[in-house]
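Listing of work_27.txt, compact mmCIF, C-alpha atoms
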# COMPACT_ATOMS: atom_id res chain seq x y z
CA PRO A 1 -8.59 -16.94 -67.53
CA ALA A 2 -5.94 -17.94 -65.08
CA LEU A 3 -7.94 -16.80 -62.03
CA ARG A 4 -10.90 -18.99 -62.97
CA ARG A 5 -8.77 -21.98 -63.81
CA LEU A 6 -6.84 -21.66 -60.54
CA SER A 7 -10.01 -21.19 -58.48
CA HIS A 8 -11.60 -24.25 -60.09
CA TYR A 9 -8.40 -26.23 -59.58
CA LEU A 10 -8.23 -25.38 -55.86
CA LEU A 11 -11.90 -25.70 -54.92
CA ALA A 12 -13.05 -28.54 -57.18
CA HIS A 13 -12.31 -31.29 -54.67
CA TYR A 14 -11.71 -29.16 -51.56
CA GLN A 15 -13.30 -30.34 -48.29
CA LYS A 16 -13.77 -27.34 -45.98
CA GLY A 17 -15.17 -29.40 -43.15
CA THR A 18 -11.85 -30.98 -42.14
CA ARG A 19 -8.63 -29.50 -40.93
CA PRO A 20 -6.33 -28.94 -43.98
CA VAL A 21 -3.45 -31.32 -43.19
CA ARG A 22 -2.39 -34.48 -44.97
CA ASP A 23 -1.20 -36.11 -41.75
CA TRP A 24 -3.63 -35.74 -38.83
CA ARG A 25 -0.68 -35.59 -36.44
CA THR A 26 0.45 -32.31 -37.99
CA THR A 27 -0.45 -29.25 -35.91
CA THR A 28 -1.93 -26.25 -37.68
CA ASN A 29 -0.07 -23.16 -36.52
CA VAL A 30 -2.18 -20.00 -36.67
CA ALA A 31 -0.26 -16.71 -36.37
CA ILE A 32 -2.40 -13.78 -35.24
CA ASP A 33 -1.89 -10.05 -35.02
CA LEU A 34 -3.89 -7.16 -33.61
CA MET A 35 -3.91 -3.40 -34.06
CA VAL A 36 -6.21 -1.13 -32.08
CA TYR A 37 -8.01 1.38 -34.29
CA ALA A 38 -10.30 3.18 -31.81
CA ILE A 39 -11.68 3.06 -28.28
CA LEU A 40 -15.42 3.45 -28.82
CA SER A 41 -16.80 3.40 -25.28
CA VAL A 42 -16.02 2.39 -21.72
CA ASP A 43 -19.08 1.42 -19.70
CA GLU A 44 -18.01 1.51 -16.06
CA LYS A 45 -21.42 0.49 -14.74
CA ASN A 46 -21.66 -2.70 -16.80
CA GLN A 47 -17.87 -3.26 -16.93
CA VAL A 48 -17.83 -3.43 -20.74
CA LEU A 49 -15.16 -2.13 -23.11
CA THR A 50 -16.00 -1.50 -26.76
CA THR A 51 -13.05 -1.30 -29.16
CA TYR A 52 -12.53 -1.40 -32.89
CA ILE A 53 -9.54 -3.51 -33.92
CA TRP A 54 -7.85 -4.69 -37.08
CA TYR A 55 -7.42 -8.43 -36.71
CA ARG A 56 -5.10 -10.52 -38.88
CA GLN A 57 -4.40 -14.22 -38.92
CA HIS A 58 -2.62 -16.60 -41.29
CA TRP A 59 -2.04 -20.34 -41.43
CA ILE A 60 -0.83 -22.99 -43.88
CA ASP A 61 -3.46 -24.91 -45.87
CA GLU A 62 -1.79 -27.95 -47.40
CA PHE A 63 -4.57 -28.39 -49.96
CA LEU A 64 -4.30 -24.87 -51.39
CA LYS A 65 -0.89 -25.12 -53.07
CA TRP A 66 -0.10 -24.81 -56.78
CA ASP A 67 2.67 -24.31 -59.30
CA PRO A 68 2.63 -20.68 -60.50
CA ALA A 69 4.12 -21.72 -63.86
CA ARG A 70 0.91 -23.57 -64.77
CA PHE A 71 -1.28 -20.50 -64.10
CA ASP A 72 0.49 -17.57 -65.79
CA ASN A 73 2.90 -17.12 -62.84
CA LEU A 74 -0.03 -16.31 -60.55
CA THR A 75 1.26 -16.46 -56.95
CA GLN A 76 -1.72 -15.11 -55.00
CA ILE A 77 -5.49 -15.37 -55.28
CA SER A 78 -8.48 -14.29 -53.24
CA LEU A 79 -11.04 -16.94 -52.40
CA PRO A 80 -14.42 -16.77 -50.67
CA VAL A 81 -14.06 -17.30 -46.95
CA GLU A 82 -17.11 -19.58 -46.97
CA SER A 83 -15.41 -21.99 -49.41
CA ILE A 84 -12.34 -22.92 -47.34
CA TRP A 85 -11.52 -24.09 -43.84
CA VAL A 86 -11.18 -21.29 -41.26
CA PRO A 87 -9.98 -21.85 -37.68
CA ASP A 88 -12.58 -21.37 -34.94
CA ILE A 89 -10.64 -18.71 -33.06
CA LEU A 90 -12.80 -16.57 -30.81
CA ILE A 91 -12.30 -13.98 -28.07
CA ASN A 92 -13.14 -15.31 -24.62
CA GLU A 93 -14.23 -11.92 -23.28
CA PHE A 94 -16.96 -11.46 -25.92
CA VAL A 95 -20.23 -10.27 -24.31
CA ASP A 96 -22.09 -9.07 -27.40
CA VAL A 97 -21.87 -9.21 -31.16
CA GLY A 98 -20.49 -5.95 -32.49
CA LYS A 99 -21.34 -4.20 -35.73
CA SER A 100 -18.35 -5.51 -37.64
CA PRO A 101 -18.21 -5.26 -41.44
CA HIS A 102 -18.24 -8.54 -43.28
CA VAL A 103 -15.12 -9.30 -45.32
CA PRO A 104 -16.04 -12.13 -47.75
CA TYR A 105 -12.55 -13.02 -49.05
CA VAL A 106 -9.19 -14.31 -47.89
CA TYR A 107 -5.82 -14.20 -49.64
CA VAL A 108 -4.11 -17.48 -50.54
CA SER A 109 -0.51 -17.74 -51.78
CA HIS A 110 0.94 -20.54 -53.89
CA HIS A 111 2.74 -21.93 -50.81
CA GLY A 112 -0.63 -22.56 -49.16
CA GLU A 113 -0.41 -19.57 -46.79
CA VAL A 114 -3.86 -18.19 -46.08
CA GLN A 115 -4.23 -14.60 -44.79
CA ASN A 116 -7.49 -13.58 -43.21
CA LEU A 117 -7.64 -9.82 -42.60
CA LYS A 118 -10.76 -8.26 -41.09
CA PRO A 119 -11.85 -5.38 -38.83
CA ILE A 120 -13.83 -6.29 -35.73
CA GLN A 121 -15.88 -4.24 -33.32
CA VAL A 122 -15.24 -5.96 -30.01
CA MET A 123 -17.52 -5.66 -26.97
CA THR A 124 -15.68 -7.40 -24.17
CA ALA A 125 -16.01 -7.75 -20.43
CA CYS A 126 -13.30 -5.92 -18.54
CA SER A 127 -12.60 -5.38 -14.87
CA LEU A 128 -12.54 -1.58 -14.74
CA ASP A 129 -10.96 0.11 -11.73
CA ILE A 130 -12.38 3.64 -11.38
CA TYR A 131 -10.85 4.49 -8.00
CA ASN A 132 -8.34 6.83 -9.65
CA PHE A 133 -10.94 8.61 -11.79
CA PRO A 134 -10.33 10.88 -13.74
CA PHE A 135 -6.64 9.87 -13.77
CA ASP A 136 -7.37 6.17 -14.19
CA VAL A 137 -5.52 3.68 -16.39
CA GLN A 138 -7.42 0.61 -17.53
CA ASN A 139 -5.94 -2.74 -18.56
CA CYS A 140 -8.34 -4.92 -20.55
CA SER A 141 -7.44 -8.27 -22.06
CA LEU A 142 -8.45 -9.84 -25.37
CA THR A 143 -7.89 -13.59 -25.26
CA PHE A 144 -7.82 -15.39 -28.62
CA THR A 145 -8.21 -19.14 -28.49
CA SER A 146 -9.71 -22.03 -30.42
CA TRP A 147 -13.05 -22.88 -28.90
CA LEU A 148 -12.89 -26.58 -29.83
CA HIS A 149 -9.49 -27.70 -31.03
CA HIS A 150 -6.74 -28.70 -28.61
CA ILE A 151 -3.22 -27.40 -28.79
CA ARG A 152 -2.20 -30.60 -30.64
CA ASP A 153 -4.55 -29.61 -33.47
CA ILE A 154 -4.32 -25.80 -33.50
CA ASN A 155 -1.49 -23.85 -31.94
CA LEU A 156 -1.27 -20.06 -31.77
CA SER A 157 1.66 -17.75 -32.27
CA LEU A 158 2.32 -14.04 -32.72
CA TRP A 159 2.60 -12.71 -36.27
CA ARG A 160 4.95 -9.84 -35.40
CA GLN A 161 7.50 -9.27 -32.68
CA PRO A 162 6.05 -8.31 -29.26
CA GLU A 163 7.95 -5.00 -29.31
CA LEU A 164 6.36 -4.05 -32.62
CA VAL A 165 2.89 -4.90 -31.34
CA LYS A 166 3.39 -3.07 -28.04
CA PHE A 167 4.03 0.44 -29.38
CA ASP A 168 2.16 0.24 -32.67
CA ARG A 169 -0.20 3.24 -32.72
CA SER A 170 -0.03 3.85 -36.45
CA VAL A 171 -3.76 3.31 -37.04
CA PHE A 172 -5.11 4.44 -33.68
CA MET A 173 -7.55 7.35 -33.75
CA ASN A 174 -6.67 9.24 -30.57
CA GLN A 175 -9.09 12.17 -30.64
CA GLY A 176 -11.48 10.72 -28.05
CA GLU A 177 -11.58 10.56 -24.28
CA TRP A 178 -9.14 7.66 -24.09
CA GLU A 179 -5.60 7.33 -25.36
CA LEU A 180 -3.79 4.11 -26.11
CA LEU A 181 -0.63 3.56 -24.10
CA TYR A 182 0.53 0.17 -25.36
CA VAL A 183 -0.60 -3.38 -26.20
CA LEU A 184 1.09 -6.28 -24.46
CA SER A 185 1.02 -9.82 -25.84
CA HIS A 186 1.40 -13.09 -23.97
CA PHE A 187 1.06 -16.75 -24.96
CA GLN A 188 -0.06 -19.42 -22.53
CA GLU A 189 -1.59 -22.88 -22.37
CA PHE A 190 -4.95 -23.31 -20.71
CA SER A 191 -6.58 -26.48 -19.41
CA VAL A 192 -9.80 -27.22 -17.54
CA LYS A 193 -9.91 -30.01 -14.92
CA SER A 194 -6.83 -31.86 -16.18
CA SER A 195 -8.24 -32.11 -19.69
CA ASP A 196 -6.38 -31.39 -22.89
CA SER A 197 -4.64 -28.05 -23.12
CA TYR A 198 -5.75 -25.16 -25.30
CA ALA A 199 -3.52 -22.50 -26.77
CA GLU A 200 -4.30 -18.90 -25.79
CA MET A 201 -2.89 -15.65 -27.06
CA LYS A 202 -3.62 -12.72 -24.75
CA PHE A 203 -3.44 -9.09 -25.77
CA TYR A 204 -3.54 -6.56 -22.93
CA VAL A 205 -4.88 -3.24 -24.17
CA VAL A 206 -3.72 -0.52 -21.75
CA ILE A 207 -5.59 2.77 -22.10
CA ARG A 208 -5.59 6.02 -20.12
CA ARG A 209 -8.32 8.59 -19.69
CA ARG A 210 -7.67 12.20 -20.65
CA PRO A 211 -8.47 14.15 -17.45
CA LEU A 212 -8.65 17.72 -18.81
CA PHE A 213 -12.43 17.83 -19.24
CA TYR A 214 -13.10 16.44 -15.78
CA THR A 215 -10.49 18.69 -14.20
CA VAL A 216 -12.15 21.79 -15.63
CA SER A 217 -15.75 20.75 -15.03
CA LEU A 218 -15.42 18.93 -11.69
CA LEU A 219 -12.28 19.80 -9.75
CA LEU A 220 -11.88 23.52 -10.44
CA PRO A 221 -15.44 24.58 -9.39
CA SER A 222 -15.08 22.58 -6.19
CA ILE A 223 -11.70 24.17 -5.48
CA PHE A 224 -13.11 27.66 -6.09
CA LEU A 225 -15.97 27.06 -3.65
CA MET A 226 -13.56 25.80 -0.99
CA VAL A 227 -11.35 28.87 -1.49
CA MET A 228 -14.38 31.14 -1.04
CA ASP A 229 -15.23 29.26 2.15
CA ILE A 230 -11.73 29.97 3.50
CA VAL A 231 -12.00 33.63 2.48
CA GLY A 232 -15.32 33.82 4.34
CA PHE A 233 -13.46 33.50 7.64
CA TYR A 234 -12.24 37.08 7.22
CA LEU A 235 -15.77 38.40 7.71
CA PRO A 236 -16.33 39.73 11.28
CA PRO A 237 -17.68 36.91 13.46
CA HIS A 238 -20.04 39.19 15.40
CA SER A 239 -21.92 40.10 12.23
CA GLY A 240 -24.54 37.83 10.76
CA GLU A 241 -23.11 38.06 7.24
CA ARG A 242 -20.68 35.20 7.73
CA VAL A 243 -23.44 32.72 8.61
CA SER A 244 -25.56 33.64 5.59
CA PHE A 245 -22.48 33.57 3.34
CA LYS A 246 -21.48 30.07 4.42
CA ILE A 247 -25.05 28.79 4.16
CA THR A 248 -25.13 30.10 0.59
CA LEU A 249 -21.86 28.31 -0.17
CA LEU A 250 -23.23 25.06 1.27
CA LEU A 251 -26.37 25.29 -0.84
CA GLY A 252 -24.31 26.11 -3.93
CA TYR A 253 -22.08 23.09 -3.34
CA SER A 254 -25.15 20.86 -2.94
CA VAL A 255 -26.49 22.05 -6.30
CA PHE A 256 -23.05 21.47 -7.81
CA LEU A 257 -23.02 17.85 -6.58
CA ILE A 258 -26.48 17.26 -8.04
CA ILE A 259 -25.30 18.54 -11.42
CA VAL A 260 -22.11 16.47 -11.54
CA SER A 261 -23.66 13.26 -10.17
CA ASP A 262 -24.40 12.03 -13.70
CA THR A 263 -20.82 12.66 -14.79
CA LEU A 264 -19.21 10.45 -12.17
CA PRO A 265 -18.88 6.76 -13.10
CA ALA A 266 -21.19 4.52 -11.11
CA THR A 267 -20.26 0.95 -10.20
CA ALA A 268 -21.35 -1.49 -7.57
CA VAL A 269 -17.74 -2.46 -6.82
CA GLY A 270 -16.39 0.76 -5.32
CA THR A 271 -16.50 4.53 -5.22
CA PRO A 272 -13.99 6.69 -7.08
CA LEU A 273 -11.69 8.84 -5.03
CA ILE A 274 -13.18 12.00 -6.51
CA GLY A 275 -16.54 11.03 -5.01
CA ILE A 276 -14.91 10.73 -1.61
CA TYR A 277 -13.26 14.09 -2.28
CA PHE A 278 -16.64 15.73 -2.88
CA VAL A 279 -18.10 14.19 0.27
CA VAL A 280 -15.16 15.39 2.37
CA CYS A 281 -15.46 18.89 0.89
CA MET A 282 -19.13 18.90 1.82
CA ALA A 283 -18.21 17.78 5.33
CA LEU A 284 -15.61 20.57 5.58
CA LEU A 285 -18.23 23.13 4.55
CA VAL A 286 -20.58 21.80 7.24
CA ILE A 287 -17.79 21.95 9.83
CA SER A 288 -17.00 25.53 8.77
CA LEU A 289 -20.65 26.52 9.12
CA THR A 290 -20.84 24.85 12.55
CA GLU A 291 -17.73 26.71 13.69
CA THR A 292 -19.21 30.00 12.49
CA ILE A 293 -22.48 29.39 14.32
CA LEU A 294 -20.54 28.57 17.50
CA ILE A 295 -18.45 31.74 17.31
CA VAL A 296 -21.46 33.95 16.52
CA ARG A 297 -23.33 32.44 19.43
CA LEU A 298 -20.33 33.04 21.67
CA VAL A 299 -19.79 36.69 20.81
CA HIS A 300 -23.45 37.64 20.61
CA LYS A 301 -24.21 40.34 23.18
CA GLN A 302 -26.65 39.26 25.88
CA ASP A 303 -27.51 40.95 29.14
CA LEU A 304 -27.57 37.67 31.07
CA GLN A 305 -24.13 36.40 30.08
CA PRO A 306 -21.90 35.38 33.01
CA HIS A 307 -18.31 36.44 33.38
CA VAL A 308 -15.67 34.63 31.35
CA PRO A 309 -14.14 31.84 33.49
CA GLU A 310 -10.59 32.44 34.58
CA TRP A 311 -9.28 29.25 32.97
CA VAL A 312 -10.77 30.34 29.64
CA LYS A 313 -9.03 33.70 29.93
CA HIS A 314 -5.77 32.02 30.82
CA LEU A 315 -5.92 29.58 27.90
CA LEU A 316 -7.29 31.84 25.17
CA LEU A 317 -6.35 35.39 26.08
CA GLU A 318 -2.83 34.54 27.28
CA ARG A 319 -1.60 31.15 26.06
CA ALA A 320 -3.44 30.98 22.74
CA THR A 321 -2.53 34.53 21.71
CA ILE A 322 1.15 33.72 22.20
CA LEU A 323 0.80 30.43 20.31
CA LEU A 324 -1.10 32.04 17.43
CA CYS A 325 1.24 35.08 17.32
CA VAL A 326 -1.66 37.50 17.63
CA ARG A 327 -0.31 41.02 17.54
CA ASP A 328 -2.88 42.34 20.04
CA ARG A 329 -2.28 39.65 22.65
CA LYS A 330 -1.20 42.28 25.24
CA LYS A 331 -4.49 43.99 24.69
CA PHE A 332 -6.31 40.71 25.17
CA SER A 333 -4.38 39.77 28.32
CA GLN A 334 -4.69 43.23 29.90
CA SER A 335 -8.29 43.84 28.92
CA ARG A 336 -9.73 42.54 32.17
CA THR A 337 -7.29 44.61 34.31
CA GLN A 338 -8.03 47.78 32.38
CA SER A 339 -11.75 47.27 32.56
CA LEU A 340 -11.55 46.71 36.32
CA ASP A 341 -9.43 49.87 36.76
CA ILE A 342 -11.78 51.95 34.64
CA ARG A 343 -14.76 50.60 36.52
CA GLN A 344 -13.15 51.42 39.89
CA VAL A 345 -12.29 54.95 38.76
CA GLU A 346 -15.78 55.52 37.48
CA ASN A 347 -17.25 54.22 40.71
CA ASN A 348 -15.01 56.56 42.73
CA ASP A 349 -15.95 59.51 40.55
CA SER A 350 -19.63 58.76 40.77
CA THR A 351 -19.34 58.27 44.54
CA ALA A 352 -17.50 61.54 44.91
CA LYS A 353 -20.11 63.32 42.86
CA LEU A 354 -23.17 61.75 44.37
CA THR A 355 -22.16 61.35 48.02
CA PRO A 356 -22.86 64.58 49.96
CA TYR A 357 -20.60 63.64 52.88
CA SER A 358 -17.19 63.61 51.19
CA CYS A 359 -14.90 66.61 50.57
CA GLU A 360 -11.34 67.34 49.63
CA GLU A 361 -10.81 71.07 50.35
CA PRO A 362 -11.63 72.94 53.62
CA ARG A 363 -13.78 75.36 51.74
CA GLU A 364 -15.71 72.51 50.24
CA CYS A 365 -16.08 70.99 53.70
CA GLY A 366 -17.50 74.27 54.93
CA ALA A 367 -19.87 74.38 52.05
CA VAL A 368 -20.80 70.81 52.68
CA GLY A 369 -21.36 71.60 56.35
CA GLY A 370 -23.66 74.39 55.32
CA MET A 371 -25.39 72.01 52.97
CA ARG A 372 -25.82 69.58 55.85
CA SER A 373 -27.39 72.27 57.92
CA ALA A 374 -29.64 73.23 55.04
CA VAL A 375 -30.58 69.65 54.42
CA ALA A 376 -31.20 69.11 58.12
CA PHE A 377 -33.27 72.18 58.15
CA ALA A 378 -35.06 71.14 55.00
CA GLY A 379 -35.69 67.77 56.57
CA ARG A 380 -37.68 69.48 59.16
CA THR A 381 -39.65 71.25 56.54
CA GLU A 382 -42.27 70.00 54.19
CA GLY A 383 -39.77 69.82 51.20
CA SER A 384 -37.50 67.22 52.83
CA ALA A 385 -39.52 64.31 51.38
CA ALA A 386 -39.08 65.56 47.81
CA LEU A 387 -35.32 65.95 48.23
CA GLN A 388 -34.97 62.41 49.55
CA GLU A 389 -36.94 61.13 46.55
CA VAL A 390 -34.50 62.92 44.23
CA LEU A 391 -31.54 61.31 46.00
CA ARG A 392 -33.09 57.85 45.66
CA GLU A 393 -33.75 58.35 41.96
CA THR A 394 -30.18 59.57 41.41
CA THR A 395 -28.79 56.50 43.21
CA ALA A 396 -30.97 54.19 41.09
CA ILE A 397 -29.71 55.84 37.90
CA ARG A 398 -26.13 55.44 39.07
CA GLN A 399 -26.68 51.72 39.79
CA LEU A 400 -28.29 51.23 36.40
CA LEU A 401 -25.36 52.86 34.62
CA GLU A 402 -22.89 50.73 36.60
CA LYS A 403 -24.83 47.58 35.73
CA ARG A 404 -24.92 48.50 32.04
CA GLU A 405 -21.20 49.16 32.04
CA GLU A 406 -20.64 45.80 33.69
CA PHE A 407 -22.71 44.09 30.98
CA ARG A 408 -20.64 45.90 28.35
CA ASP A 409 -17.42 44.68 29.95
CA ILE A 410 -18.73 41.09 29.99
CA ALA A 411 -19.78 41.31 26.35
CA ARG A 412 -16.39 42.80 25.46
CA GLU A 413 -14.61 39.94 27.21
CA TRP A 414 -16.68 37.30 25.38
CA LEU A 415 -16.04 39.12 22.11
CA GLN A 416 -12.29 38.93 22.69
CA VAL A 417 -12.57 35.24 23.57
CA GLY A 418 -14.62 34.68 20.42
CA TYR A 419 -12.07 36.44 18.23
CA VAL A 420 -9.17 34.39 19.60
CA LEU A 421 -11.15 31.15 19.35
CA ASP A 422 -12.15 32.06 15.80
CA VAL A 423 -8.51 32.56 14.80
CA LEU A 424 -7.56 29.26 16.44
CA LEU A 425 -10.31 27.24 14.73
CA PHE A 426 -9.65 28.94 11.40
CA ARG A 427 -6.01 27.92 11.45
CA VAL A 428 -6.89 24.36 12.41
CA TYR A 429 -9.46 24.27 9.59
CA LEU A 430 -6.96 25.74 7.14
CA ALA A 431 -4.32 23.18 8.13
CA ALA A 432 -6.80 20.35 7.60
CA VAL A 433 -7.81 21.66 4.16
CA LEU A 434 -4.18 22.11 3.10
CA ALA A 435 -3.20 18.62 4.27
CA TYR A 436 -6.16 17.11 2.46
CA SER A 437 -5.44 19.05 -0.73
CA ILE A 438 -1.73 18.15 -0.71
CA THR A 439 -2.55 14.46 -0.23
CA LEU A 440 -5.04 14.37 -3.09
CA GLY A 441 -2.80 16.43 -5.36
CA THR A 442 0.13 14.10 -4.72
CA LEU A 443 -1.93 10.98 -5.40
CA TRP A 444 -3.42 12.33 -8.62
CA SER A 445 -0.03 13.58 -9.81
CA VAL A 446 1.53 10.17 -9.24
CA TRP A 447 -1.33 8.44 -11.08
CA ARG A 448 -1.22 10.90 -13.96
CA ASP A 449 2.53 10.50 -14.47
CA ALA A 450 2.54 6.74 -13.92
Take the structure in the file and give it back as structure tokens.
Amino acid sequence: PALRRLSHYLLAHYQKGTRPVRDWRTTTNVAIDLMVYAILSVDEKNQVLTTYIWYRQHWIDEFLKWDPARFDNLTQISLPVESIWVPDILINEFVDVGKSPHVPYVYVSHHGEVQNLKPIQVMTACSLDIYNFPFDVQNCSLTFTSWLHHIRDINLSLWRQPELVKFDRSVFMNQGEWELLYVLSHFQEFSVKSSDSYAEMKFYVVIRRRPLFYTVSLLLPSIFLMVMDIVGFYLPPHSGERVSFKITLLLGYSVFLIIVSDTLPATAVGTPLIGIYFVVCMALLVISLTETILIVRLVHKQDLQPHVPEWVKHLLLERATILLCVRDRKKFSQSRTQSLDIRQVENNDSTAKLTPYSCEEPRECGAVGGMRSAVAFAGRTEGSAALQEVLRETTAIRQLLEKREEFRDIAREWLQVGYVLDVLLFRVYLAAVLAYSITLGTLWSVWRDA
């Protein structure tokens, strides 16, 4: 058969241990091509990228030529790869031997062109930048070069045009976490310590992570918890419900961080921005809880609280209410005046009622004069001591009521100060959260659309 005769003719005196050129000065030009089939895994911790590629290379073997007319017009034959010379082209970034299928044959044409087509599972070292996680784009290189031969012996070239290689996604399986953007190719000469140069063909595989899963499982729960923290400011500050509510949110966020800690990529080089985002959100929750504790402590009613300082009233009840556009600022600014007027009126009324020596009408003065005579007379009797005891008890009750009303006025003033301060701190907190959210949203949008 023609195949057997041709195979025996080509391999009978073939020497696979030497480079297949008749003149040793002739350079063997190896054209290579690459197509990415799948992105298997990206190990951020160990900085390793595992891909599955279709690798193709062809070169001219001057000792594998024949006349098709002598062999039934046979122009192409497959030969065992172990029987012929194969260039020692390796990938510099190799870190482990992948589970690549073994292809035992190569195609040889009658012009001496040898085509070696094989799939390779490549485990390569790659400098992975996870700062933009989960909107990160990785650029990993695959450098093909001859491990031994200089550029005078083996030179490399690109099989197809660079534009065809760049956007070729015909065989890529894109159902995983990563999507292939493009593959760049670049040829360069490489030398070590002024020695002979080596030919290198670099392929830059640019991939992008699909962020939908991480957006749903990481970002949205954190955003919901932060929104609930902002809504919690609408609870009354003088009630203890706000403190317990914010403590519950803080504990819930801590449990959330423990759950998602295994999802975040871990490297010794740096921390992803989303990790910083979680830490800042935790810090904002702590600041919110601290602000709530301060306000609750401020408005809590105590009998030993001093009066509100005048500078605090001027800043919070007058200036701050105007700045914050509080609708009840007149009430806040006039609260002290009204309380003083009410207290003075009550004191006058109680004095008029309890003092036996004041009168408004002449008849009342006559009655009072009679009462004085009666009291004077009673003072000279045995019942005068009991009447004086009743007057002392009545005076003590009046003083107690005045003191209690004064404590109520002080507590009311501190409550107003606490409400204004709570509105002020809430708006500062809200502005900080909005600025932080807008900054992160802008950065992630730019990275996603880049």
Original post:
atom CA of A:Asp88 and atom CA of A:Ala12, how far apart in Å?
Top reply: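 Between atom CA of A:Ala12 and atom CA of A:Asp88 the gap is 23.4 Å.
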**OP:** Could you please determine the separation between atom CA of A:Phe94 and atom CA of A:Met123 in Å, to one decimal place?
**Re:** 5.9 Å
**OP:** For a cut-off of 9 Å around (-3.7, -8.5, -26.7), file coordinates, pick out all residues using all atoms listed in the file and list them as a PyMOL selection string.
**Re:** chain A and resi 33-35+140-144+165+183-186+201-205
Would you export the selected residues with C-alpha atoms as an mmCIF file, keeping the file's coordinate frame, please?
data_model
loop_
_atom_site.group_PDB
_atom_site.id
_atom_site.type_symbol
_atom_site.label_atom_id
_atom_site.label_comp_id
_atom_site.auth_asym_id
_atom_site.auth_seq_id
_atom_site.Cartn_x
_atom_site.Cartn_y
_atom_site.Cartn_z
ATOM 1 C CA ASP A 33 -1.890 -10.050 -35.020
ATOM 2 C CA LEU A 34 -3.890 -7.160 -33.610
ATOM 3 C CA MET A 35 -3.910 -3.400 -34.060
ATOM 4 C CA CYS A 140 -8.340 -4.920 -20.550
ATOM 5 C CA SER A 141 -7.440 -8.270 -22.060
ATOM 6 C CA LEU A 142 -8.450 -9.840 -25.370
ATOM 7 C CA THR A 143 -7.890 -13.590 -25.260
ATOM 8 C CA PHE A 144 -7.820 -15.390 -28.620
ATOM 9 C CA VAL A 165 2.890 -4.900 -31.340
ATOM 10 C CA VAL A 183 -0.600 -3.380 -26.200
ATOM 11 C CA LEU A 184 1.090 -6.280 -24.460
ATOM 12 C CA SER A 185 1.020 -9.820 -25.840
ATOM 13 C CA HIS A 186 1.400 -13.090 -23.970
ATOM 14 C CA MET A 201 -2.890 -15.650 -27.060
ATOM 15 C CA LYS A 202 -3.620 -12.720 -24.750
ATOM 16 C CA PHE A 203 -3.440 -9.090 -25.770
ATOM 17 C CA TYR A 204 -3.540 -6.560 -22.930
ATOM 18 C CA VAL A 205 -4.880 -3.240 -24.170
#
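As for atom CA of A:Trp59 and atom CA of A:Val106, they are spaced 11.4 Å apart.
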Subject >> Counting only C-alpha atoms, the option among A:Leu6, A:Ser41, A:Asp422, A:Ile60 closest to A:Asn73 >> reply: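 Going through A:Leu6, A:Ser41, A:Asp422, A:Ile60 one by one, the smallest distance to A:Asn73 is for A:Leu6.
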Which residues of stretch 25-97 of chain A sit at most 10 Å from stretch 262-285 of chain A, using all atoms listed in the file? Give each one's shortest atom pair and distance in Å (one decimal place), in chain and ascending residue order, as a tab-separated table.
residue	atom	partner	partner_atom	distance
A:Asp43	CA	A:Pro265	CA	8.5
A:Glu44	CA	A:Pro265	CA	6.1
A:Lys45	CA	A:Thr267	CA	4.7
A:Asn46	CA	A:Thr267	CA	7.7
A:Gln47	CA	A:Thr267	CA	8.3
**OP:** For A:Val231, work out the shell of residues within 12 Å, counting all atoms listed in the file and skipping chain neighbours fewer than 6 positions away, then give it as a PyMOL selection string.
**Re:** chain A and resi 224-225+242+245-246+249+288+426+430
Subject >> Polymer residues at most 10 Å from A:Pro134, all atoms listed in the file, same-chain spacing of 6 or more positions, as a VMD selection string >> reply: chain A and resid 208 to 215 218 to 219 264 to 265 272 to 274 444 447 to 448
Subject >> From A:Trp159, A:Phe187, A:Tyr234, A:Tyr429, residue lying nearest A:Val30 [all atoms listed in the file] >> reply: A:Trp159
What box, with edges along x, y and z, holds each listed atom of stretch 198-203 of chain A when 6 Å is added on every side, and can you state its centre and edge lengths in Å to one decimal, as JSON?
{"center_x": -4.3, "center_y": -17.1, "center_z": -25.9, "size_x": 14.9, "size_y": 28.1, "size_z": 14.3}
